[in-house]
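Shown next: structure.csv, containing CSV, C-alpha atoms.
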```
chain,number,residue,atom,x,y,z
E,1234,MET,CA,-19.0,15.5,17.6
E,1235,LYS,CA,-21.3,18.5,17.4
E,1236,ASP,CA,-19.7,20.3,20.3
E,1237,LEU,CA,-16.3,20.5,18.5
E,1238,SER,CA,-17.5,23.8,17.0
E,1239,LYS,CA,-17.8,25.3,20.4
E,1240,ALA,CA,-14.8,27.1,22.0
E,1241,ARG,CA,-13.7,24.3,24.2
E,1242,ALA,CA,-11.7,21.1,23.9
E,1243,THR,CA,-13.4,17.7,23.6
E,1244,LEU,CA,-12.2,14.6,25.2
E,1245,LEU,CA,-12.8,11.3,23.4
E,1246,GLU,CA,-12.2,7.8,24.8
E,1247,VAL,CA,-11.0,5.2,22.3
E,1248,GLY,CA,-13.1,2.1,22.0
E,1249,GLU,CA,-12.5,-1.3,20.4
E,1250,GLU,CA,-13.7,0.0,17.0
E,1251,SER,CA,-10.8,2.4,16.8
E,1252,ALA,CA,-8.0,0.3,18.3
E,1253,ALA,CA,-4.8,0.2,16.2
E,1254,GLN,CA,-6.0,3.1,14.0
E,1255,ARG,CA,-3.6,5.9,13.3
E,1256,ILE,CA,-4.4,9.1,15.2
E,1257,ASP,CA,-4.5,11.2,11.9
E,1258,ASN,CA,-7.0,8.8,10.3
E,1259,PHE,CA,-9.0,8.7,13.5
E,1260,LEU,CA,-9.3,12.5,13.5
E,1261,LEU,CA,-10.0,12.9,9.8
E,1262,ARG,CA,-12.8,10.4,10.1
E,1263,ARG,CA,-14.5,12.3,12.9
E,1264,LEU,CA,-13.8,15.9,11.9
E,1265,LYS,CA,-15.8,16.1,8.8
E,1266,GLY,CA,-15.7,19.6,7.4
E,1267,VAL,CA,-12.3,20.4,8.9
E,1268,PRO,CA,-9.6,20.9,6.2
E,1269,LYS,CA,-7.0,18.0,6.2
E,1270,SER,CA,-4.2,20.5,6.4
E,1271,HIS,CA,-5.7,22.0,9.6
E,1272,VAL,CA,-6.0,18.5,11.2
E,1273,TYR,CA,-2.3,17.9,10.6
E,1274,ARG,CA,-1.4,21.4,11.8
E,1275,VAL,CA,-3.0,20.9,15.2
E,1276,LEU,CA,-1.3,17.4,15.4
E,1277,ARG,CA,2.1,18.9,14.8
E,1278,SER,CA,1.5,21.8,17.2
E,1279,GLY,CA,0.7,19.5,20.0
E,1280,GLU,CA,-2.9,20.8,20.4
E,1281,VAL,CA,-4.1,17.2,20.0
E,1282,ARG,CA,-3.1,15.1,23.0
E,1283,VAL,CA,-3.3,11.4,23.8
E,1284,ASN,CA,-3.3,10.6,27.5
E,1285,SER,CA,-2.1,14.2,28.1
E,1286,GLY,CA,0.9,13.7,25.9
E,1287,ARG,CA,1.9,14.8,22.4
E,1288,VAL,CA,1.8,12.2,19.6
E,1289,LYS,CA,2.9,12.0,16.0
E,1290,PRO,CA,0.4,11.5,13.1
E,1291,ASP,CA,1.4,7.8,12.8
E,1292,TYR,CA,0.6,7.0,16.5
E,1293,ARG,CA,-1.7,4.0,16.7
E,1294,LEU,CA,-4.5,4.2,19.2
E,1295,ARG,CA,-5.1,1.7,22.0
E,1296,ILE,CA,-8.4,0.9,23.7
E,1297,GLY,CA,-8.9,3.3,26.6
E,1298,ASP,CA,-6.7,6.1,25.2
E,1299,ARG,CA,-8.1,9.5,26.0
E,1300,VAL,CA,-7.8,11.9,23.0
E,1301,ARG,CA,-8.0,15.6,23.6
E,1302,VAL,CA,-9.3,17.5,20.5
E,1303,PRO,CA,-8.9,21.3,20.5
E,1304,PRO,CA,-11.8,23.5,19.5
E,1305,LEU,CA,-12.0,23.6,15.7
E,1306,ARG,CA,-14.2,25.6,13.4
E,1307,LEU,CA,-16.2,23.3,11.1
E,1308,ALA,CA,-16.6,24.4,7.5
E,1309,SER,CA,-20.2,24.5,6.3
E,1310,PRO,CA,-20.8,21.1,4.8
E,1311,ALA,CA,-21.6,21.2,1.1
E,1312,ALA,CA,-25.1,19.9,0.2
E,1313,ARG,CA,-24.8,16.3,-0.7
E,1314,PRO,CA,-27.5,13.8,-1.4
E,1315,ALA,CA,-28.2,11.4,1.5
E,1316,PRO,CA,-27.0,7.9,0.7
E,1317,ARG,CA,-29.9,5.9,-0.6
E,1318,PRO,CA,-30.5,2.3,0.4
E,1319,LEU,CA,-28.8,-0.1,-2.0
E,1320,ASP,CA,-30.0,-3.7,-2.7
E,1321,LEU,CA,-26.8,-5.4,-1.6
E,1322,PRO,CA,-27.1,-9.3,-1.5
E,1323,ILE,CA,-25.4,-10.6,1.7
E,1324,VAL,CA,-23.3,-13.7,1.2
E,1325,TYR,CA,-22.1,-14.0,4.8
E,1326,GLU,CA,-22.5,-12.1,8.1
E,1327,ASP,CA,-21.4,-12.5,11.7
E,1328,ALA,CA,-20.4,-10.2,14.5
E,1329,ALA,CA,-17.1,-9.3,12.9
E,1330,LEU,CA,-17.6,-9.6,9.1
E,1331,LEU,CA,-20.1,-8.7,6.4
E,1332,VAL,CA,-19.5,-10.1,2.9
E,1333,ILE,CA,-21.7,-8.8,0.1
E,1334,ASP,CA,-22.1,-9.6,-3.6
E,1335,LYS,CA,-21.6,-6.2,-5.1
E,1336,PRO,CA,-23.4,-5.4,-8.4
E,1337,SER,CA,-21.5,-3.8,-11.2
E,1338,GLY,CA,-21.8,-0.1,-11.5
E,1339,ILE,CA,-21.8,0.7,-7.8
E,1340,ALA,CA,-18.7,2.3,-6.3
E,1341,VAL,CA,-17.4,0.9,-3.0
E,1342,HIS,CA,-17.0,4.4,-1.6
E,1343,GLY,CA,-17.8,8.0,-2.4
E,1344,GLY,CA,-15.3,10.2,-4.2
E,1345,SER,CA,-14.1,11.1,-7.8
E,1346,GLY,CA,-17.5,12.5,-8.7
E,1347,VAL,CA,-19.5,9.8,-6.8
E,1348,SER,CA,-21.4,11.2,-3.8
E,1349,TYR,CA,-21.6,7.8,-2.0
E,1350,GLY,CA,-21.0,4.1,-2.5
E,1351,VAL,CA,-21.4,0.8,-0.8
E,1352,ILE,CA,-19.8,1.8,2.5
E,1353,GLU,CA,-21.7,5.1,2.9
E,1354,SER,CA,-25.0,3.3,2.1
E,1355,LEU,CA,-24.3,0.6,4.7
E,1356,ARG,CA,-23.5,3.1,7.4
E,1357,ALA,CA,-26.7,5.0,6.7
E,1358,GLN,CA,-28.7,1.7,6.8
E,1359,ARG,CA,-27.0,0.6,10.0
E,1360,PRO,CA,-26.6,3.7,12.2
E,1361,GLU,CA,-26.2,1.5,15.3
E,1362,ALA,CA,-23.0,-0.1,13.9
E,1363,LYS,CA,-20.0,1.1,15.8
E,1364,SER,CA,-17.6,0.3,12.9
E,1365,LEU,CA,-18.1,-0.6,9.2
E,1366,GLU,CA,-14.9,-0.4,7.1
E,1367,LEU,CA,-13.9,-1.8,3.7
E,1368,ALA,CA,-11.4,-4.5,4.1
E,1369,HIS,CA,-10.4,-4.3,0.4
E,1370,ARG,CA,-11.8,-2.7,-2.8
E,1371,LEU,CA,-13.4,-3.6,-6.1
E,1372,ASP,CA,-13.5,-1.3,-9.1
E,1373,ARG,CA,-16.8,0.4,-9.6
E,1374,ASP,CA,-17.6,-1.8,-12.7
E,1375,THR,CA,-16.3,-5.0,-11.2
E,1376,SER,CA,-19.0,-7.2,-9.7
E,1377,GLY,CA,-18.6,-9.8,-6.9
E,1378,LEU,CA,-17.5,-10.5,-3.4
E,1379,LEU,CA,-16.6,-7.6,-1.1
E,1380,ILE,CA,-15.5,-7.9,2.5
E,1381,ILE,CA,-16.6,-5.3,5.1
E,1382,ALA,CA,-15.2,-5.4,8.6
E,1383,LYS,CA,-17.6,-4.8,11.5
E,1384,LYS,CA,-14.9,-4.7,14.1
E,1385,ARG,CA,-11.6,-2.8,14.1
E,1386,SER,CA,-9.7,-5.9,15.2
E,1387,ALA,CA,-11.1,-7.9,12.3
E,1388,LEU,CA,-10.1,-5.0,9.9
E,1389,VAL,CA,-6.5,-4.9,11.2
E,1390,GLU,CA,-6.1,-8.7,10.8
E,1391,LEU,CA,-7.7,-8.8,7.4
E,1392,HIS,CA,-5.3,-6.1,6.2
E,1393,ARG,CA,-2.4,-8.1,7.5
E,1394,MET,CA,-3.6,-11.2,5.7
E,1395,LEU,CA,-4.1,-9.3,2.5
E,1396,ARG,CA,-0.6,-7.8,2.6
E,1397,GLU,CA,0.9,-11.2,3.3
E,1398,GLY,CA,-1.0,-13.1,0.6
E,1399,GLU,CA,-3.2,-15.1,3.0
E,1400,VAL,CA,-6.5,-14.3,1.2
E,1401,GLU,CA,-7.4,-16.3,-1.9
E,1402,LYS,CA,-9.0,-14.0,-4.4
E,1403,VAL,CA,-10.3,-15.6,-7.6
E,1404,TYR,CA,-12.0,-13.7,-10.5
E,1405,VAL,CA,-13.5,-14.7,-13.8
E,1406,ALA,CA,-13.2,-12.5,-16.9
E,1407,LEU,CA,-14.3,-12.6,-20.5
E,1408,VAL,CA,-11.6,-11.3,-22.8
E,1409,GLN,CA,-10.8,-10.7,-26.4
E,1410,GLY,CA,-9.2,-13.4,-28.5
E,1411,ARG,CA,-8.1,-17.0,-27.8
E,1412,TRP,CA,-5.8,-17.4,-24.8
E,1413,ARG,CA,-2.8,-19.4,-25.7
E,1414,GLY,CA,-0.1,-21.0,-23.6
E,1415,GLY,CA,-2.3,-22.6,-21.0
E,1416,GLU,CA,-2.1,-21.8,-17.3
E,1417,ARG,CA,0.6,-19.2,-16.6
E,1418,GLU,CA,1.4,-16.1,-14.5
E,1419,LEU,CA,1.6,-12.5,-15.7
E,1420,ARG,CA,4.3,-10.6,-13.7
E,1421,GLU,CA,4.7,-7.2,-15.4
E,1422,ARG,CA,5.4,-4.4,-12.9
E,1423,LEU,CA,2.6,-1.8,-12.7
E,1424,HIS,CA,2.9,2.0,-12.3
E,1425,LYS,CA,0.1,4.3,-11.2
E,1426,PHE,CA,-0.2,7.8,-12.6
E,1427,VAL,CA,-2.8,10.5,-13.2
E,1428,THR,CA,-3.6,11.8,-16.6
E,1429,GLY,CA,-3.7,15.5,-17.6
E,1430,GLY,CA,-7.5,15.3,-17.1
E,1431,GLY,CA,-7.1,14.1,-13.5
E,1432,GLU,CA,-8.0,10.4,-14.3
E,1433,ARG,CA,-6.2,7.7,-12.4
E,1434,ARG,CA,-4.5,5.1,-14.7
E,1435,VAL,CA,-2.1,2.2,-14.4
E,1436,ALA,CA,0.5,1.1,-17.0
E,1437,VAL,CA,3.1,-1.6,-17.3
E,1438,HIS,CA,6.4,0.0,-16.4
E,1439,ALA,CA,9.8,-1.5,-15.4
E,1440,GLY,CA,10.0,0.9,-12.5
E,1441,GLY,CA,6.5,0.1,-11.2
E,1442,GLN,CA,5.4,-2.1,-8.3
E,1443,ALA,CA,5.7,-5.9,-8.5
E,1444,ALA,CA,2.4,-7.6,-9.5
E,1445,ALA,CA,1.4,-11.2,-10.2
E,1446,THR,CA,-1.8,-12.6,-11.7
E,1447,GLN,CA,-2.2,-16.3,-12.3
E,1448,VAL,CA,-4.3,-17.0,-15.4
E,1449,LYS,CA,-6.2,-20.3,-16.1
E,1450,PRO,CA,-8.2,-20.7,-19.3
E,1451,ILE,CA,-11.7,-22.2,-18.9
E,1452,ALA,CA,-13.1,-21.9,-22.4
E,1453,ALA,CA,-12.0,-20.3,-25.7
E,1454,THR,CA,-12.9,-19.5,-29.3
E,1455,GLU,CA,-10.8,-17.5,-31.7
E,1456,ALA,CA,-12.9,-14.5,-30.8
E,1457,TYR,CA,-13.2,-14.7,-27.0
E,1458,SER,CA,-11.8,-16.5,-23.9
E,1459,LEU,CA,-13.3,-17.1,-20.4
E,1460,LEU,CA,-10.5,-17.0,-17.9
E,1461,GLU,CA,-10.1,-17.7,-14.2
E,1462,LEU,CA,-7.7,-15.3,-12.5
E,1463,ARG,CA,-6.1,-15.6,-9.2
E,1464,LEU,CA,-4.7,-12.4,-7.7
E,1465,LEU,CA,-1.3,-13.0,-6.1
E,1466,THR,CA,-0.8,-9.3,-5.4
E,1467,GLY,CA,-3.5,-6.6,-5.1
E,1468,ARG,CA,-2.5,-3.6,-7.3
E,1469,THR,CA,-4.9,-1.1,-8.7
E,1470,HIS,CA,-6.5,-2.3,-11.9
E,1471,GLN,CA,-4.1,-5.2,-11.9
E,1472,ILE,CA,-6.1,-7.8,-13.8
E,1473,ARG,CA,-7.3,-5.3,-16.4
E,1474,VAL,CA,-3.8,-3.9,-17.2
E,1475,HIS,CA,-2.1,-7.3,-17.2
E,1476,LEU,CA,-4.7,-8.8,-19.6
E,1477,ALA,CA,-4.7,-5.8,-21.9
E,1478,HIS,CA,-0.9,-5.8,-22.0
E,1479,ALA,CA,-1.0,-9.6,-22.9
E,1480,GLY,CA,-3.2,-8.7,-25.8
E,1481,HIS,CA,-6.5,-9.9,-24.2
E,1482,PRO,CA,-8.3,-6.9,-22.9
E,1483,VAL,CA,-11.4,-7.5,-20.7
E,1484,LEU,CA,-14.7,-7.1,-22.7
E,1485,GLY,CA,-16.4,-3.8,-21.8
E,1486,ASP,CA,-13.3,-2.2,-20.3
E,1487,ASP,CA,-13.6,1.5,-21.0
E,1488,LYS,CA,-10.1,2.3,-19.8
E,1489,TYR,CA,-7.8,-0.4,-21.1
E,1490,GLY,CA,-10.1,-2.2,-23.6
E,1491,ASP,CA,-10.6,-2.5,-27.3
E,1492,PHE,CA,-13.1,0.3,-27.8
E,1493,GLU,CA,-14.3,-0.8,-31.3
E,1494,LEU,CA,-14.8,-4.3,-30.0
E,1495,ASN,CA,-16.7,-3.0,-27.0
E,1496,ARG,CA,-19.1,-1.2,-29.3
E,1497,ALA,CA,-19.6,-4.4,-31.3
E,1498,VAL,CA,-20.2,-6.7,-28.4
E,1499,ALA,CA,-22.6,-4.3,-26.8
E,1500,THR,CA,-25.2,-5.8,-29.1
E,1501,GLN,CA,-24.6,-9.2,-27.4
E,1502,GLY,CA,-25.3,-7.8,-24.0
E,1503,VAL,CA,-21.8,-6.6,-23.0
E,1504,LYS,CA,-22.9,-3.3,-21.3
E,1505,ARG,CA,-20.2,-3.2,-18.7
E,1506,LEU,CA,-16.9,-4.6,-17.6
E,1507,PHE,CA,-17.1,-8.4,-17.7
E,1508,LEU,CA,-14.9,-9.0,-14.6
E,1509,HIS,CA,-16.4,-10.7,-11.6
E,1510,ALA,CA,-14.9,-11.4,-8.1
E,1511,ARG,CA,-16.1,-15.0,-7.9
E,1512,ARG,CA,-14.4,-16.7,-4.9
E,1513,LEU,CA,-12.8,-15.8,-1.6
E,1514,GLY,CA,-10.8,-18.0,0.7
E,1515,PHE,CA,-9.3,-17.0,4.1
E,1516,ARG,CA,-9.1,-17.7,7.8
E,1517,HIS,CA,-11.7,-15.9,9.8
E,1518,PRO,CA,-9.8,-13.0,11.4
E,1519,ILE,CA,-11.3,-13.6,14.8
E,1520,ASP,CA,-11.9,-17.3,15.3
E,1521,GLY,CA,-9.5,-18.7,12.7
E,1522,ASN,CA,-12.0,-20.9,11.0
E,1523,ASP,CA,-11.6,-21.5,7.3
E,1524,MET,CA,-13.9,-19.4,5.1
E,1525,LYS,CA,-14.8,-20.3,1.5
E,1526,LEU,CA,-17.2,-18.0,-0.1
E,1527,GLU,CA,-18.5,-18.0,-3.7
E,1528,SER,CA,-20.6,-15.8,-5.9
E,1529,PRO,CA,-22.3,-17.2,-9.1
E,1530,MET,CA,-21.4,-15.6,-12.4
E,1531,PRO,CA,-23.8,-12.7,-13.1
E,1532,GLU,CA,-26.6,-13.4,-15.6
E,1533,ASP,CA,-25.3,-11.0,-18.3
E,1534,MET,CA,-21.8,-12.7,-18.3
E,1535,LEU,CA,-23.4,-16.2,-18.2
E,1536,SER,CA,-25.7,-15.4,-21.1
E,1537,PHE,CA,-22.7,-14.2,-23.2
E,1538,CYS,CA,-20.8,-17.4,-22.3
E,1539,LYS,CA,-23.8,-19.6,-23.4
E,1540,MET,CA,-24.0,-17.8,-26.7
E,1541,ASN,CA,-20.3,-18.2,-27.5
E,1542,PHE,CA,-19.0,-21.3,-25.8
E,1543,LYS,CA,-20.2,-24.9,-26.3
E,1544,ASN,CA,-20.3,-27.4,-23.4
E,1545,LEU,CA,-19.2,-24.8,-20.9
E,1546,GLY,CA,-20.2,-26.7,-17.8
E,1547,TYR,CA,-20.0,-23.6,-15.6
```
Could you express the structure from this file as structure tokens?
Amino acid sequence: MKDLSKARATLLEVGEESAAQRIDNFLLRRLKGVPKSHVYRVLRSGEVRVNSGRVKPDYRLRIGDRVRVPPLRLASPAARPAPRPLDLPIVYEDAALLVIDKPSGIAVHGGSGVSYGVIESLRAQRPEAKSLELAHRLDRDTSGLLIIAKKRSALVELHRMLREGEVEKVYVALVQGRWRGGERELRERLHKFVTGGGERRVAVHAGGQAAATQVKPIAATEAYSLLELRLLTGRTHQIRVHLAHAGHPVLGDDKYGDFELNRAVATQGVKRLFLHARRLGFRHPIDGNDMKLESPMPEDMLSFCKMNFKNLGY
């Protein structure tokens, strides 16, 4: 894309890796350094053409589409550290999918004060890859299974499956207090907002989005419980907010947790959020085969369990 800074239009042909992508997202991905407002301005003005015709920002590209991009002045990129290689254990890989076991403390993508994350590191490590896109997200401090699509067609189908609840996502968490009431669902609606300091937060609110988390206790004492959690919807911070609202915040949660307890359990090895994406189940987005993937409980969580629960069998 270097020649975009020259005083002539550029013609791009859409390949399989960009099929079904919105034209605005296609341009924003490729025109690094061009202000977002300017990209939308040239779209609205008709300076961007697809197959010689004007399109709206929500137009979805097809293989073989020819996209005319007008000459645009690129802003001087701010100096950013190059993504460093990350030690990302691979749980599964084929031509369409890559599933990693993400360690806690690593963001899935750059932004919000983070220069780069999992996806930027993978793209730097695999420059030959035509497409590497996150199929879903995990919080920075949540460990466990993360799906990356290597083909646009796989990404589109995974997104559909996620929207329609066709992906089984099971987590384990260590929480404060004894869980009572057995297996049940938490269904409080969740509302996203931004604090005065610019921090993204979520709260239970009657006007929020519908959310459902299925909770199954595995082990418990009066002080702590080990829970298995099945996400029936995929809202931001859903598990953390639902559990905190139920009176059982996740140990090590620095947003919604019990901060005094967090300081106390730090001496027992709780140095981060004790929430782990343990299991995924879904149909392969290309061949339709059943996929069942698991990640063992991280050593720090397992060590805490062994100290606090008898006959865990986990």
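Residue nearest Glu1461 of chain E within the list E:Gln1358, E:Gln1447, E:Gln1409, E:Ser1536: E:Gln1447 [criterion: smallest interatomic distance, only C-alpha atoms].
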Taking only C-alpha atoms into account, produce a table as CSV in which each residue of segment 1334-1408 of chain E with an atom at most 12 Å from an atom of segment 1465-1477 of chain E appears once, together with its shortest atom pair and the distance in Å to one decimal, ordered by chain and rising number.
```
residue,atom,partner,partner_atom,distance
E:His1369,CA,E:Gly1467,CA,9.1
E:Arg1370,CA,E:Thr1469,CA,9.2
E:Leu1371,CA,E:His1470,CA,9.1
E:Asp1372,CA,E:His1470,CA,7.6
E:Arg1373,CA,E:His1470,CA,10.9
E:Asp1374,CA,E:His1470,CA,11.1
E:Thr1375,CA,E:His1470,CA,10.2
E:His1392,CA,E:Gly1467,CA,11.5
E:Met1394,CA,E:Thr1466,CA,11.6
E:Leu1395,CA,E:Gly1467,CA,8.1
E:Arg1396,CA,E:Thr1466,CA,8.1
E:Glu1397,CA,E:Thr1466,CA,9.1
E:Gly1398,CA,E:Leu1465,CA,6.7
E:Glu1399,CA,E:Leu1465,CA,9.5
E:Val1400,CA,E:Leu1465,CA,9.1
E:Glu1401,CA,E:Leu1465,CA,8.1
E:Lys1402,CA,E:Leu1465,CA,7.9
E:Val1403,CA,E:Leu1465,CA,9.5
E:Tyr1404,CA,E:Ile1472,CA,9.0
E:Val1405,CA,E:Ile1472,CA,10.1
E:Ala1406,CA,E:Ile1472,CA,9.1
E:Leu1407,CA,E:Leu1476,CA,10.4
E:Val1408,CA,E:Leu1476,CA,8.0
```
With C-alpha atoms retained, could you export that selection as an mmCIF file, keeping the file's coordinate frame?
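Below is the file result_6.cif, written as the result:
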```cif
data_model
loop_
_atom_site.group_PDB
_atom_site.id
_atom_site.type_symbol
_atom_site.label_atom_id
_atom_site.label_comp_id
_atom_site.auth_asym_id
_atom_site.auth_seq_id
_atom_site.Cartn_x
_atom_site.Cartn_y
_atom_site.Cartn_z
ATOM 1 C CA HIS E 1369 -10.400 -4.300 0.400
ATOM 2 C CA ARG E 1370 -11.800 -2.700 -2.800
ATOM 3 C CA LEU E 1371 -13.400 -3.600 -6.100
ATOM 4 C CA ASP E 1372 -13.500 -1.300 -9.100
ATOM 5 C CA ARG E 1373 -16.800 0.400 -9.600
ATOM 6 C CA ASP E 1374 -17.600 -1.800 -12.700
ATOM 7 C CA THR E 1375 -16.300 -5.000 -11.200
ATOM 8 C CA HIS E 1392 -5.300 -6.100 6.200
ATOM 9 C CA MET E 1394 -3.600 -11.200 5.700
ATOM 10 C CA LEU E 1395 -4.100 -9.300 2.500
ATOM 11 C CA ARG E 1396 -0.600 -7.800 2.600
ATOM 12 C CA GLU E 1397 0.900 -11.200 3.300
ATOM 13 C CA GLY E 1398 -1.000 -13.100 0.600
ATOM 14 C CA GLU E 1399 -3.200 -15.100 3.000
ATOM 15 C CA VAL E 1400 -6.500 -14.300 1.200
ATOM 16 C CA GLU E 1401 -7.400 -16.300 -1.900
ATOM 17 C CA LYS E 1402 -9.000 -14.000 -4.400
ATOM 18 C CA VAL E 1403 -10.300 -15.600 -7.600
ATOM 19 C CA TYR E 1404 -12.000 -13.700 -10.500
ATOM 20 C CA VAL E 1405 -13.500 -14.700 -13.800
ATOM 21 C CA ALA E 1406 -13.200 -12.500 -16.900
ATOM 22 C CA LEU E 1407 -14.300 -12.600 -20.500
ATOM 23 C CA VAL E 1408 -11.600 -11.300 -22.800
#
```
**Study point:** Near-Ala1436 of chain E list (7 Å; only C-alpha atoms; drop same-chain fewer than 4 positions) as a PyMOL selection string
**Key:** chain E and resi 1423-1425+1474
Exercise for review: May I ask which of the residues E:Thr1243, E:Asn1544, E:Thr1446, E:Ser1386 is the closest one to Pro1304 of chain E, counting all atoms listed in the file?
Suggested key: E:Thr1243
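Candidate residues E:Ala1499, E:Gly1431, E:Gly1410, E:Leu1526 were compared for distance to Gly1480 of chain E, and the nearest is E:Gly1410, using only C-alpha atoms.
With distances taken over all atoms listed in the file, E:Ile1519 is the one residue among E:Ile1380, E:Leu1367, E:Ala1357, E:Ile1519 lying closest to Ala1329 of chain E.
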For Glu1416 of chain E: contacts at 8 Å, only C-alpha atoms, fewer than 2 positions along chain excluded, given as a compact mmCIF listing (two decimals) with C-alpha atoms, in the frame of the given file:
```txt
# COMPACT_ATOMS: atom_id res chain seq x y z
CA GLY E 1414 -0.10 -21.00 -23.60
CA GLU E 1418 1.40 -16.10 -14.50
CA GLN E 1447 -2.20 -16.30 -12.30
CA VAL E 1448 -4.30 -17.00 -15.40
CA LYS E 1449 -6.20 -20.30 -16.10
CA PRO E 1450 -8.20 -20.70 -19.30
```
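Nearest residue to Val1288 of chain E, choosing from E:Arg1255, E:His1517, E:Lys1539, E:Lys1265 and counting only C-alpha atoms: E:Arg1255.
Atom CA of Ile1296 of chain E is found 5.4 Å from atom CA of Ala1252 of chain E.
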Skipping near chain neighbours, those fewer than 3 positions away, what residues fall within 8 Å of Asp1486 of chain E using only C-alpha atoms, listed as a short mmCIF file (atom, residue, chain, number, x, y, z; two decimals) with C-alpha atoms, in the frame of the given file?
```cif
data_model
loop_
_atom_site.label_atom_id
_atom_site.label_comp_id
_atom_site.auth_asym_id
_atom_site.auth_seq_id
_atom_site.Cartn_x
_atom_site.Cartn_y
_atom_site.Cartn_z
CA ARG E 1473 -7.30 -5.30 -16.40
CA PRO E 1482 -8.30 -6.90 -22.90
CA VAL E 1483 -11.40 -7.50 -20.70
CA TYR E 1489 -7.80 -0.40 -21.10
CA GLY E 1490 -10.10 -2.20 -23.60
CA ASP E 1491 -10.60 -2.50 -27.30
CA PHE E 1492 -13.10 0.30 -27.80
CA ASN E 1495 -16.70 -3.00 -27.00
CA ARG E 1505 -20.20 -3.20 -18.70
CA LEU E 1506 -16.90 -4.60 -17.60
CA PHE E 1507 -17.10 -8.40 -17.70
#
```
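Distance check against Val1247 of chain E using all atoms listed in the file: of E:Arg1287, E:Lys1543, E:Arg1420, E:Arg1385, the minimum falls on E:Arg1385.
Residue neighbourhood of Pro1290 of chain E, excluding near-sequence residues (fewer than 2 positions): E:Gln1254, E:Arg1255, E:Ile1256, E:Asp1257, E:Asn1258, E:Phe1259, E:Leu1260, E:Leu1261, E:Val1272, E:Tyr1273, E:Arg1274, E:Val1275, E:Leu1276, E:Arg1277, E:Ser1278, E:Gly1279, E:Val1281, E:Arg1282, E:Val1283, E:Arg1287, E:Val1288, E:Tyr1292, E:Arg1293, E:Leu1294, at 12 Å, using only C-alpha atoms.
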Just-selected residues, C-alpha atoms written as a compact mmCIF listing (two decimals), in the coordinates of the input:
```txt
# COMPACT_ATOMS: atom_id res chain seq x y z
CA GLN E 1254 -6.00 3.10 14.00
CA ARG E 1255 -3.60 5.90 13.30
CA ILE E 1256 -4.40 9.10 15.20
CA ASP E 1257 -4.50 11.20 11.90
CA ASN E 1258 -7.00 8.80 10.30
CA PHE E 1259 -9.00 8.70 13.50
CA LEU E 1260 -9.30 12.50 13.50
CA LEU E 1261 -10.00 12.90 9.80
CA VAL E 1272 -6.00 18.50 11.20
CA TYR E 1273 -2.30 17.90 10.60
CA ARG E 1274 -1.40 21.40 11.80
CA VAL E 1275 -3.00 20.90 15.20
CA LEU E 1276 -1.30 17.40 15.40
CA ARG E 1277 2.10 18.90 14.80
CA SER E 1278 1.50 21.80 17.20
CA GLY E 1279 0.70 19.50 20.00
CA VAL E 1281 -4.10 17.20 20.00
CA ARG E 1282 -3.10 15.10 23.00
CA VAL E 1283 -3.30 11.40 23.80
CA ARG E 1287 1.90 14.80 22.40
CA VAL E 1288 1.80 12.20 19.60
CA TYR E 1292 0.60 7.00 16.50
CA ARG E 1293 -1.70 4.00 16.70
CA LEU E 1294 -4.50 4.20 19.20
```
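When atom CA of Glu1390 of chain E is paired with atom CA of Asp1520 of chain E, their separation reads 11.3 Å.
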